[in-house]
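Step one of this worksheet: look at the structure below.
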Number of protein chains: 2
Amino acid sequence: MTVAADGADFLQLSPAAAPVRGLTGWLADAIRAAIIDGRLQAGAPLPATRLLAGDLGVSRGVIVEAYQRLADEGLVSARPGAGTRVLGISRRPAPAERPDLALLPQRWRARAEIDLSPGVPDLSGFPRVAWLRAEKLVLEQASVADLGYGDPRGSQWLRTELAAWLARTRGLRADPDDIIVVTGVAQALALLAQVLRARAVGEIAVEDPGSRGSRDELAYWGLRPVPVPVDEHGLQVDDLARSGLRTVLLTPAHQFPTGVVLAPRRRRDLMDWAAGADALIIEDDYDAEYRYDRAPVPALQASAPGLVAYAGSTSKTLAPGMRLGWLIPPSRLHSDLIEAKHASDLGSPALPQLVLARLIASGELEQHIRLVRKRQRSRRDALLGALHEHLPAARVQGIAAGLHLLITFPGRTGPDTDLAEAILRTGVLVHPLSWHRHRPGVPGIVLGYAAHTPDQLREAVRRIARIL
Amino acid sequence: MTVAADGADFLQLSPAAAPVRGLTGWLADAIRAAIIDGRLQAGAPLPATRLLAGDLGVSRGVIVEAYQRLADEGLVSARPGAGTRVLGISRRPAPAERPDLALLPQRWRARAEIDLSPGVPDLSGFPRVAWLRAEKLVLEQASVADLGYGDPRGSQWLRTELAAWLARTRGLRADPDDIIVVTGVAQALALLAQVLRARAVGEIAVEDPGSRGSRDELAYWGLRPVPVPVDEHGLQVDDLARSGLRTVLLTPAHQFPTGVVLAPRRRRDLMDWAAGADALIIEDDYDAEYRYDRAPVPALQASAPGLVAYAGSTSKTLAPGMRLGWLIPPSRLHSDLIEAKHASDLGSPALPQLVLARLIASGELEQHIRLVRKRQRSRRDALLGALHEHLPAARVQGIAAGLHLLITFPGRTGPDTDLAEAILRTGVLVHPLSWHRHRPGVPGIVLGYAAHTPDQLREAVRRIARIL
């Protein structure tokens with residue numbers, strides 16, 4: 001269809017619909033849309049500027065400028081005197097159907113009344129006041145250089161604070177210059193996987209059961225995860241040694257999801273293996289801040305910085321939405337990892353780094369963790385009490401630590417996915433243990449307790465008990 | 001050397017050096033360090049707990065707990081009754097020399113009195129008050145879900161604001177669901193390169209001259225950059241078509257570094273080529289907010305969303321340190337890119353996204369840009385005036401836009417790197433044009449003017465003139 005160059009009806013433009021400001025843009029947008037969707041086809045003349053101006057009750061300059069914009073875009077011709085005509089445009093490919101997000105199976109992403117997914121801290125306790133106060137000081141004091149393109153390793157101040165903080169709380173041995181600020185353990189793993197792939201590493205040992213998210217991420221980056229069994233002493237290092245692999249990812253301070261600690265003997269064996277095989281240990285220290293019965297065992301990195309790439313974050317102490325973490329690799333990987341970080345995003349956002357540095361320096365982070373630890377311990381106790389009362393047959397695994405616990409049902413048969421689905425129908429979302437397993441094993445469910453009050457936890461357990 | 005188990009001299013531990021709190025950690029750290037660096041070797045007995053406690057004037061429980069920690073770490077034996085002895089540790093590989101950062105040639109990273117690197121806005125103008133006010137509201141109103149593991153595409157609110165903002169200012173046609181929030185154009189390019197590599201794309205056309213940073217980044221991710229010449233009408237699309245390539249990265253609104261606009265005819269040819277070759281256009285809209293003479297030409301994406309992956313950021317409007325940007329890909333790449341974003345970092349940090357959404361919604365971002373545009377225009381004018389006065393032979397390239405301009409020296413021979421080095425010796429840092437070139441060409445220098453006052457700019461030009 002060719003539209004007549006009659007200002008009155010042109011594209012059904014209504015003077016009443018014209019905005020008070022931005023008339024030129026409004027008109028150019030309307031004509032552009034008509035050209036692209038075919039209402040105005042190649043060769044169609046646009047109304048004379050004087051005519052259209054009169055019709056729309058706007059100045060002629062508006063129309064001239066709108067036509068000029070379209071000419072700049074190559075959509076209309078602009079030969080002086082010859083009038084303005086629509087130029088042909090190629091047929092553009094039709095947009096495909098918008099695909100579904102399928103990063104997690106739909107069933108585990110459903111909204112539940114009580115969401116006991118592991119790994120989420122009590123976000124209602126996020127230290128909003130302290131954060132804002134620190135941000136205010138940071139904004140007052142930040143230099144121009146602080147806001148520019150920065151060091152890909154992250155803020156020097158934050159790295160200095162982190163080095164001291166991690167030495168104090170986790171025994172880490174790292175200079176500020178050894179640390180790479182990342183956007184969380186997920187980015188730490190992505191960077192490590194990229195650098196290892198480039199060095200022809202194709203496989204990595206992971207804990208079984210172990211974090212499904214980490215496993216999937218490593219596979220995405222081309223490192224095939226090879227399961228190594230976990231028992232009540234943690235990763236079975238003998239199996240690891242027999243595998244012939246030279247890279248391992250593990251959670252020694254509080255194994256996910258079983259909650260066990262890597263036993264002293266296993267630690268020694270692991271380090272001996274790594275030293276002998278010239279191997280790399282990736283230590284995911286995801287929730288070591290939360291040990292309720294005693295001080296947590298120091299990081300592996302503390303006794304073997306040359307063998308360990310250590311990763312941690314604020315996801316469990318502040319909030320996952322912060323996307324703020326750190327990676328302390330052995331020096332032989334350091335420069336490749338910085339290059340990977342630079343090629344990925346140039347470096348992490350500046351302001352949150354400076355705020356975190358301030359919160360560490362002022363002691364407010366430590367104070368916050370102490371508070372949260374107390375609250376989480378009482379939640380854990382409430383959950384344990386309810387399990388004892390309503391689910392006496394369930395076996396609770398792991399040490400008094402972290403944000404979740406695992407219960408298994410040794411006598412039970414049938415897949416725990418069915419169990420989790422039945423529980424979900426009562427409004428309670430839990431992860432089935434098999435979701436985090438490579439190989440089949442005893443059924444179980446993982447219960448994240450940190451984000452819920454004792455009452456909510458007791459209610460959740462009552463509902464789970466009804467299913468069982 | 002084996003240290004005698006005599007509490008008095010043990011590791012030269014001084015009761016005076018012991019901290020008031022955290023005694024256990026202090027003692028465990030000291031012993032661990034001695035084991036690792038060889039002062040305490042395998043088989044060495046630790047002092048009896050009672051002895052050491054007396055010597056240090058602390059309770060015996062402190063010593064017992066410290067030894068227990070070391071036993072948990074597998075560093076000492078803990079056989080009841082037999083005393084505590086150091087266990088052997090493997091020889092760990094010696095840490096390698098710490099490598100230099102070599103991401104940019106050292107000479108261009110030197111601190112200069114007047115740094116005219118392109119691409120850095122006036123960071124002294126960062127809207128600190130507006131940002132803090134917005135952050136305060138965000139912290140007051142953010143829900144628990146806002147702080148959790150979020151949608152890898154980014155905050156729904158920010159995507160909604162961005163869709164409207166980009167439609168209004170750049171003509172973009174995108175639903176909020178089409179947008180992926182990224183940490184800047186650098187991350188947008190990284191994700192695109194990863195997804196294209198996975199689809200067996202191995203080469204990408206880039207502008208010559210063009211951004212050195214982008215070129216290096218693409219090469220890092222395995223896309224070989226193939227130069228296509230730029231002239232005063234922008235990218236030479238005929239050359240692109242002849243190359244047989246099916247992917248191109250360009251800066252159509254304000255070419256970097258030449259400052260030209262892609263001419264209307266070239267835009268049409270580019271879209272026709274892309275539609276015919278089923279190609280992908282990556283549009284880097286890095287500084288389109290700053291056009292000083294008239295409204296900027298709309299984005300290519302506005303007329304062909306199915307052919308264009310559009311990328312932009314707040315690096316030039318707010319600050320590079322924000323690391324906050326957006327990617328609007330054709331729908332056929334959408335789901336792969338989300339997967340890549342998720343595998344890279346799970347998603348961008350939450351708080352800055354919400355703050356930006358608020359700054360757009362309140363009109364404060366627009367107000368800020370209008371202010372900065374005015375200031376930058378006067379800086380550009382000052383620079384042009386000084387060039388006219390002191391360097392009349394230099395040819396100024398490009399339109400009245402952006403944060404930098406390019407001057408070339410058509411008659412001059414000799415590499416512009418020598419020129420830039422001579423200029424650096426006067427305390428002024430400029431990029432030589434050849435730094436952004438693939439193939440040799442007329443010498444030139446790129447002058448970023450946004451971060452400097454008119455007086456500083458005039459002083460810089462006087463110094464440059466002395467060299468020439």
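Chain labels follow the order of the structure tokens: the first chain is A, the next B, and so on; residue numbering restarts at 1 in every chain, and ligands are counted from 1 in their shown order.
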Check your understanding: Could you pull out the alpha helix (DSSP H) residues of range 181-393 of chain A from DSSP and send them as a ChimeraX atom specification?
Key -> /A:185-198,212-220,237-243,264-277,331-345,350-361,364-390
Check your understanding: Skipping near chain neighbours, those fewer than 5 positions away, what residues fall within 9 Å of Trp26 in chain B using only C-alpha atoms, listed as a list in words?
Key -> Arg168 of chain A; Ala18, Pro19, Ile31 and Ala66 of chain B
Exercise for review: Please identify all polymer residues within 9 Å of range 439-441 of chain A, counting only C-alpha atoms, omitting same-chain residues fewer than 6 positions from it, and present them as a ChimeraX atom specification.
Suggested key: /A:208-209,227,229,433
Excluding range 127-140 of chain A and its own-chain neighbours fewer than 3 positions away, which residues fall within 7 Å of it when counting only C-alpha atoms? Please give them as a CSV table (one decimal) with N, CA and C atoms, in the first residue's frame.
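Writing the result to part21.csv gives the following:
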chain,number,residue,atom,x,y,z
A,354,LEU,N,34.8,-0.1,47.2
A,354,LEU,CA,35.3,0.8,48.2
A,354,LEU,C,34.4,0.8,49.5
A,355,VAL,N,33.1,0.5,49.2
A,355,VAL,CA,32.2,0.4,50.4
A,355,VAL,C,32.6,-0.8,51.2
A,358,ARG,N,35.6,-0.2,53.3
A,358,ARG,CA,35.3,0.6,54.5
A,358,ARG,C,34.6,-0.2,55.5
A,359,LEU,N,33.7,-1.1,55.1
A,359,LEU,CA,33.0,-1.9,56.1
A,359,LEU,C,34.0,-2.9,56.8
B,128,ARG,N,27.5,12.8,42.6
B,128,ARG,CA,27.6,12.1,43.9
B,128,ARG,C,26.4,12.3,44.7
B,132,LEU,N,23.9,9.2,45.7
B,132,LEU,CA,23.7,8.8,47.1
B,132,LEU,C,22.2,8.9,47.5
B,136,LYS,N,20.0,5.7,48.7
B,136,LYS,CA,19.3,5.7,50.0
B,136,LYS,C,17.9,5.2,49.8
B,139,LEU,N,18.0,1.5,49.0
B,139,LEU,CA,18.2,0.6,50.2
B,139,LEU,C,16.9,0.6,51.1
Review point. So which residues touch Ala277 in chain A within 9 Å, counting only C-alpha atoms, skipping near sequence neighbours fewer than 2 positions away, as a ChimeraX atom specification?
Key: /A:241,244-246,272-275,279-280
How about saving the chosen residues, all heavy atoms kept, as a compact mmCIF listing (two decimals), in the first residue's frame?
# COMPACT_ATOMS: atom_id res chain seq x y z
N ALA A 241 43.48 -39.44 43.86
CA ALA A 241 44.83 -39.77 43.41
C ALA A 241 44.78 -40.83 42.31
O ALA A 241 45.52 -40.76 41.32
CB ALA A 241 45.67 -40.26 44.59
N GLY A 244 44.05 -39.89 38.41
CA GLY A 244 45.03 -39.35 37.48
C GLY A 244 44.80 -37.89 37.14
O GLY A 244 45.57 -37.28 36.40
N LEU A 245 43.73 -37.29 37.69
CA LEU A 245 43.47 -35.88 37.43
C LEU A 245 44.47 -35.01 38.19
O LEU A 245 45.07 -35.45 39.17
CB LEU A 245 42.05 -35.51 37.87
CG LEU A 245 40.96 -36.25 37.11
CD1 LEU A 245 39.59 -35.94 37.72
CD2 LEU A 245 40.97 -35.84 35.64
N ARG A 246 44.61 -33.77 37.73
CA ARG A 246 45.55 -32.87 38.39
C ARG A 246 44.91 -31.55 38.79
O ARG A 246 45.60 -30.57 39.06
CB ARG A 246 46.77 -32.65 37.50
CG ARG A 246 47.65 -33.92 37.44
CD ARG A 246 48.76 -33.76 36.45
NE ARG A 246 49.49 -32.53 36.67
CZ ARG A 246 50.19 -31.89 35.73
NH1 ARG A 246 50.23 -32.36 34.52
NH2 ARG A 246 50.82 -30.76 36.01
N ASP A 272 49.67 -33.52 50.00
CA ASP A 272 50.76 -34.37 49.51
C ASP A 272 50.52 -34.74 48.05
O ASP A 272 51.42 -34.70 47.21
CB ASP A 272 50.88 -35.64 50.36
CG ASP A 272 51.48 -35.34 51.73
OD1 ASP A 272 51.98 -34.21 51.92
OD2 ASP A 272 51.43 -36.22 52.60
N TRP A 273 49.28 -35.11 47.77
CA TRP A 273 48.93 -35.44 46.39
C TRP A 273 49.21 -34.26 45.47
O TRP A 273 49.83 -34.40 44.40
CB TRP A 273 47.44 -35.84 46.32
CG TRP A 273 46.88 -35.79 44.93
CD1 TRP A 273 47.02 -36.74 43.96
CD2 TRP A 273 46.10 -34.73 44.36
NE1 TRP A 273 46.39 -36.34 42.81
CE2 TRP A 273 45.81 -35.11 43.02
CE3 TRP A 273 45.63 -33.51 44.83
CZ2 TRP A 273 45.06 -34.30 42.17
CZ3 TRP A 273 44.88 -32.71 43.98
CH2 TRP A 273 44.61 -33.11 42.67
N ALA A 274 48.76 -33.06 45.89
CA ALA A 274 48.91 -31.89 45.03
C ALA A 274 50.38 -31.56 44.81
O ALA A 274 50.80 -31.24 43.69
CB ALA A 274 48.16 -30.70 45.64
N ALA A 275 51.17 -31.65 45.89
CA ALA A 275 52.60 -31.33 45.76
C ALA A 275 53.27 -32.36 44.85
O ALA A 275 54.09 -32.01 43.99
CB ALA A 275 53.26 -31.31 47.13
N ALA A 279 49.69 -30.49 41.12
CA ALA A 279 48.27 -30.29 40.84
C ALA A 279 47.78 -28.97 41.40
O ALA A 279 48.48 -28.28 42.15
CB ALA A 279 47.46 -31.44 41.44
N LEU A 280 46.56 -28.62 41.01
CA LEU A 280 45.94 -27.39 41.51
C LEU A 280 44.70 -27.74 42.33
O LEU A 280 43.84 -28.50 41.88
CB LEU A 280 45.52 -26.49 40.34
CG LEU A 280 44.78 -25.21 40.77
CD1 LEU A 280 45.72 -24.24 41.47
CD2 LEU A 280 44.13 -24.54 39.56
Review point. Just how far from CA of Arg197 in chain B is CA of Val185 in chain B, in Å to one decimal?
Key: 18.0 Å
**Study point:** Surrounding residues of Ala53 in chain A excluding itself and chain neighbours under 5 positions, 8 Å, only C-alpha atoms, as a count of residues only
**Key:** 5
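Between CA of Asp336 in chain B and CA of Leu196 in chain B lies a distance of 9.5 Å.
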Point to revise | CA of Thr169 in chain B to CA of Ile282 in chain B, distance in Å rounded to a single decimal | key: 18.8 Å
Practice item. Pick out the residues sitting within 9 Å of range 309-317 of chain B, and hand them over as a ChimeraX atom specification; count only C-alpha atoms, and ignore anything fewer than 3 positions along from it in its own chain. Key: /A:148-149 /B:119-122,126,172,182-185,188-189,192,280-290,299-301,305-306,320-330,333,365,368-369,372,402-403
Put those residues in a file: C-alpha atoms, as a PDB file, in the first residue's frame.
ATOM      1  CA  GLY A 148      37.922   5.712  36.186  1.00  0.00           C
ATOM      2  CA  TYR A 149      39.080   2.605  34.395  1.00  0.00           C
TER       3      TYR A 149
ATOM      4  CA  GLY B 119      37.289   7.780  26.645  1.00  0.00           C
ATOM      5  CA  VAL B 120      37.434   9.226  30.137  1.00  0.00           C
ATOM      6  CA  PRO B 121      34.632  11.664  31.008  1.00  0.00           C
ATOM      7  CA  ASP B 122      34.858  14.481  33.532  1.00  0.00           C
ATOM      8  CA  PHE B 126      30.109  12.492  38.830  1.00  0.00           C
ATOM      9  CA  LEU B 172      15.962   1.683  20.007  1.00  0.00           C
ATOM     10  CA  VAL B 182      26.096  -6.270  31.512  1.00  0.00           C
ATOM     11  CA  THR B 183      29.089  -4.724  33.239  1.00  0.00           C
ATOM     12  CA  GLY B 184      29.956  -2.546  30.232  1.00  0.00           C
ATOM     13  CA  VAL B 185      30.603  -2.763  26.508  1.00  0.00           C
ATOM     14  CA  ALA B 188      29.031  -7.273  25.940  1.00  0.00           C
ATOM     15  CA  LEU B 189      31.838  -7.953  23.454  1.00  0.00           C
ATOM     16  CA  LEU B 192      29.167 -11.993  21.984  1.00  0.00           C
ATOM     17  CA  LEU B 280      25.519  -9.738  12.446  1.00  0.00           C
ATOM     18  CA  ILE B 281      26.263  -6.070  13.079  1.00  0.00           C
ATOM     19  CA  ILE B 282      27.653  -5.278  16.523  1.00  0.00           C
ATOM     20  CA  GLU B 283      26.905  -1.638  17.236  1.00  0.00           C
ATOM     21  CA  ASP B 284      29.116  -0.047  19.874  1.00  0.00           C
ATOM     22  CA  ASP B 285      27.217   3.106  20.813  1.00  0.00           C
ATOM     23  CA  TYR B 286      29.898   4.191  23.237  1.00  0.00           C
ATOM     24  CA  ASP B 287      29.411   7.966  23.427  1.00  0.00           C
ATOM     25  CA  ALA B 288      26.276   8.838  21.464  1.00  0.00           C
ATOM     26  CA  GLU B 289      24.918  10.911  24.345  1.00  0.00           C
ATOM     27  CA  TYR B 290      27.370  13.641  23.442  1.00  0.00           C
ATOM     28  CA  ALA B 299      21.100   3.742  16.454  1.00  0.00           C
ATOM     29  CA  LEU B 300      21.330   1.234  13.614  1.00  0.00           C
ATOM     30  CA  GLN B 301      19.346  -1.085  15.825  1.00  0.00           C
ATOM     31  CA  PRO B 305      16.722  -5.020  15.404  1.00  0.00           C
ATOM     32  CA  GLY B 306      17.005  -8.447  13.811  1.00  0.00           C
ATOM     33  CA  PRO B 320      33.893   3.920  33.754  1.00  0.00           C
ATOM     34  CA  GLY B 321      34.269   2.625  37.311  1.00  0.00           C
ATOM     35  CA  MET B 322      30.500   1.967  37.422  1.00  0.00           C
ATOM     36  CA  ARG B 323      30.909  -1.021  35.058  1.00  0.00           C
ATOM     37  CA  LEU B 324      27.249  -0.834  34.072  1.00  0.00           C
ATOM     38  CA  GLY B 325      26.032  -1.359  30.547  1.00  0.00           C
ATOM     39  CA  TRP B 326      23.500  -3.101  28.344  1.00  0.00           C
ATOM     40  CA  LEU B 327      23.401  -5.469  25.430  1.00  0.00           C
ATOM     41  CA  ILE B 328      20.385  -5.790  23.145  1.00  0.00           C
ATOM     42  CA  PRO B 329      21.016  -8.675  20.778  1.00  0.00           C
ATOM     43  CA  PRO B 330      18.919 -10.052  17.933  1.00  0.00           C
ATOM     44  CA  LEU B 333      21.381 -14.873  20.045  1.00  0.00           C
ATOM     45  CA  LEU B 365      20.424  11.011  34.571  1.00  0.00           C
ATOM     46  CA  HIS B 368      23.224  15.198  34.433  1.00  0.00           C
ATOM     47  CA  ILE B 369      23.946  14.415  30.793  1.00  0.00           C
ATOM     48  CA  VAL B 372      27.940  17.496  31.165  1.00  0.00           C
ATOM     49  CA  GLY B 402      32.028  12.803  22.025  1.00  0.00           C
ATOM     50  CA  LEU B 403      34.891  13.081  24.445  1.00  0.00           C
TER      51      LEU B 403
END
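The shortest atom-to-atom distance to Ile36 in chain B, with only C-alpha atoms taken into account, belongs to B:Val86 out of B:Val86, B:Ala193, B:Leu405, B:Ile464.
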Exercise for review: From range 34-226 of chain B, collect each residue whose DSSP state is strand (DSSP E or B) and return the set as a PyMOL selection string.
Suggested key: chain B and resi 45+76+85-86+114-115+180-182+203-208+224-226
Please, could you write that set of residues out with N, CA and C atoms as an mmCIF file, in the first residue's frame?
data_model
loop_
_atom_site.group_PDB
_atom_site.id
_atom_site.type_symbol
_atom_site.label_atom_id
_atom_site.label_comp_id
_atom_site.auth_asym_id
_atom_site.auth_seq_id
_atom_site.Cartn_x
_atom_site.Cartn_y
_atom_site.Cartn_z
ATOM 1 N N PRO B 45 58.679 -32.015 68.518
ATOM 2 C CA PRO B 45 57.580 -31.970 69.483
ATOM 3 C C PRO B 45 57.188 -30.524 69.783
ATOM 4 N N VAL B 76 49.864 -31.118 62.705
ATOM 5 C CA VAL B 76 50.503 -31.774 63.854
ATOM 6 C C VAL B 76 49.697 -33.023 64.211
ATOM 7 N N ARG B 85 53.226 -33.638 68.023
ATOM 8 C CA ARG B 85 54.425 -33.542 67.180
ATOM 9 C C ARG B 85 54.070 -33.016 65.793
ATOM 10 N N VAL B 86 55.043 -32.331 65.221
ATOM 11 C CA VAL B 86 54.859 -31.804 63.870
ATOM 12 C C VAL B 86 54.866 -32.957 62.871
ATOM 13 N N ILE B 114 49.147 15.955 32.453
ATOM 14 C CA ILE B 114 47.859 16.153 31.787
ATOM 15 C C ILE B 114 47.592 14.905 30.941
ATOM 16 N N ASP B 115 46.655 14.080 31.388
ATOM 17 C CA ASP B 115 46.383 12.803 30.728
ATOM 18 C C ASP B 115 45.227 12.975 29.753
ATOM 19 N N ILE B 180 19.865 -7.336 28.072
ATOM 20 C CA ILE B 180 20.719 -8.017 29.053
ATOM 21 C C ILE B 180 21.607 -6.952 29.688
ATOM 22 N N VAL B 181 21.467 -6.795 30.998
ATOM 23 C CA VAL B 181 22.328 -5.847 31.708
ATOM 24 C C VAL B 181 23.700 -6.487 31.842
ATOM 25 N N VAL B 182 24.730 -5.756 31.448
ATOM 26 C CA VAL B 182 26.096 -6.270 31.512
ATOM 27 C C VAL B 182 26.957 -5.281 32.289
ATOM 28 N N GLU B 203 36.241 -15.069 12.679
ATOM 29 C CA GLU B 203 36.779 -13.771 12.285
ATOM 30 C C GLU B 203 35.694 -12.707 12.395
ATOM 31 N N ILE B 204 36.120 -11.501 12.614
ATOM 32 C CA ILE B 204 35.174 -10.394 12.725
ATOM 33 C C ILE B 204 35.800 -9.148 12.084
ATOM 34 N N ALA B 205 34.995 -8.458 11.286
ATOM 35 C CA ALA B 205 35.476 -7.213 10.692
ATOM 36 C C ALA B 205 35.452 -6.118 11.748
ATOM 37 N N VAL B 206 36.524 -5.326 11.773
ATOM 38 C CA VAL B 206 36.577 -4.180 12.691
ATOM 39 C C VAL B 206 37.046 -2.961 11.918
ATOM 40 N N GLU B 207 36.751 -1.803 12.469
ATOM 41 C CA GLU B 207 37.123 -0.559 11.817
ATOM 42 C C GLU B 207 38.626 -0.317 11.922
ATOM 43 N N ASP B 208 39.212 0.246 10.862
ATOM 44 C CA ASP B 208 40.623 0.599 10.860
ATOM 45 C C ASP B 208 40.778 2.003 10.310
ATOM 46 N N ARG B 224 39.339 -13.493 15.341
ATOM 47 C CA ARG B 224 40.416 -12.730 14.725
ATOM 48 C C ARG B 224 39.855 -11.442 14.129
ATOM 49 N N PRO B 225 40.356 -10.273 14.542
ATOM 50 C CA PRO B 225 39.837 -9.024 13.972
ATOM 51 C C PRO B 225 40.438 -8.784 12.586
ATOM 52 N N VAL B 226 39.584 -8.519 11.617
ATOM 53 C CA VAL B 226 40.029 -8.252 10.252
ATOM 54 C C VAL B 226 39.726 -6.780 9.953
#
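Closest to chain B among A:Leu447, A:Ala400, A:Leu249, A:Ala28 is A:Ala28, based on only C-alpha atoms.
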Against range 375-393 of chain A, which residues of range 404-456 of chain A fall within 10 Å? For each one I want the closest pair of atoms and the distance in Å (one decimal), counting only C-alpha atoms, rows by chain and increasing residue number, as a tab-separated table.
residue	atom	partner	partner_atom	distance
A:His404	CA	A:Arg380	CA	8.1
A:Leu405	CA	A:Arg380	CA	8.4
A:Ile407	CA	A:Leu387	CA	9.2
A:Thr408	CA	A:Ala393	CA	9.0
A:Phe409	CA	A:Ala393	CA	7.1
A:Pro410	CA	A:Ala393	CA	8.7
A:Gly411	CA	A:Ala393	CA	8.9
A:Arg412	CA	A:Ala393	CA	9.9
A:Leu447	CA	A:Leu383	CA	9.1
A:Gly448	CA	A:Arg380	CA	9.3
A:Tyr449	CA	A:Arg380	CA	6.5
A:Ala450	CA	A:Gln376	CA	5.6
A:Ala451	CA	A:Gln376	CA	8.5
A:His452	CA	A:Arg379	CA	7.4
A:Thr453	CA	A:Arg379	CA	6.5
A:Pro454	CA	A:Ala382	CA	5.4
A:Asp455	CA	A:Ala382	CA	8.2
A:Gln456	CA	A:Leu383	CA	9.4
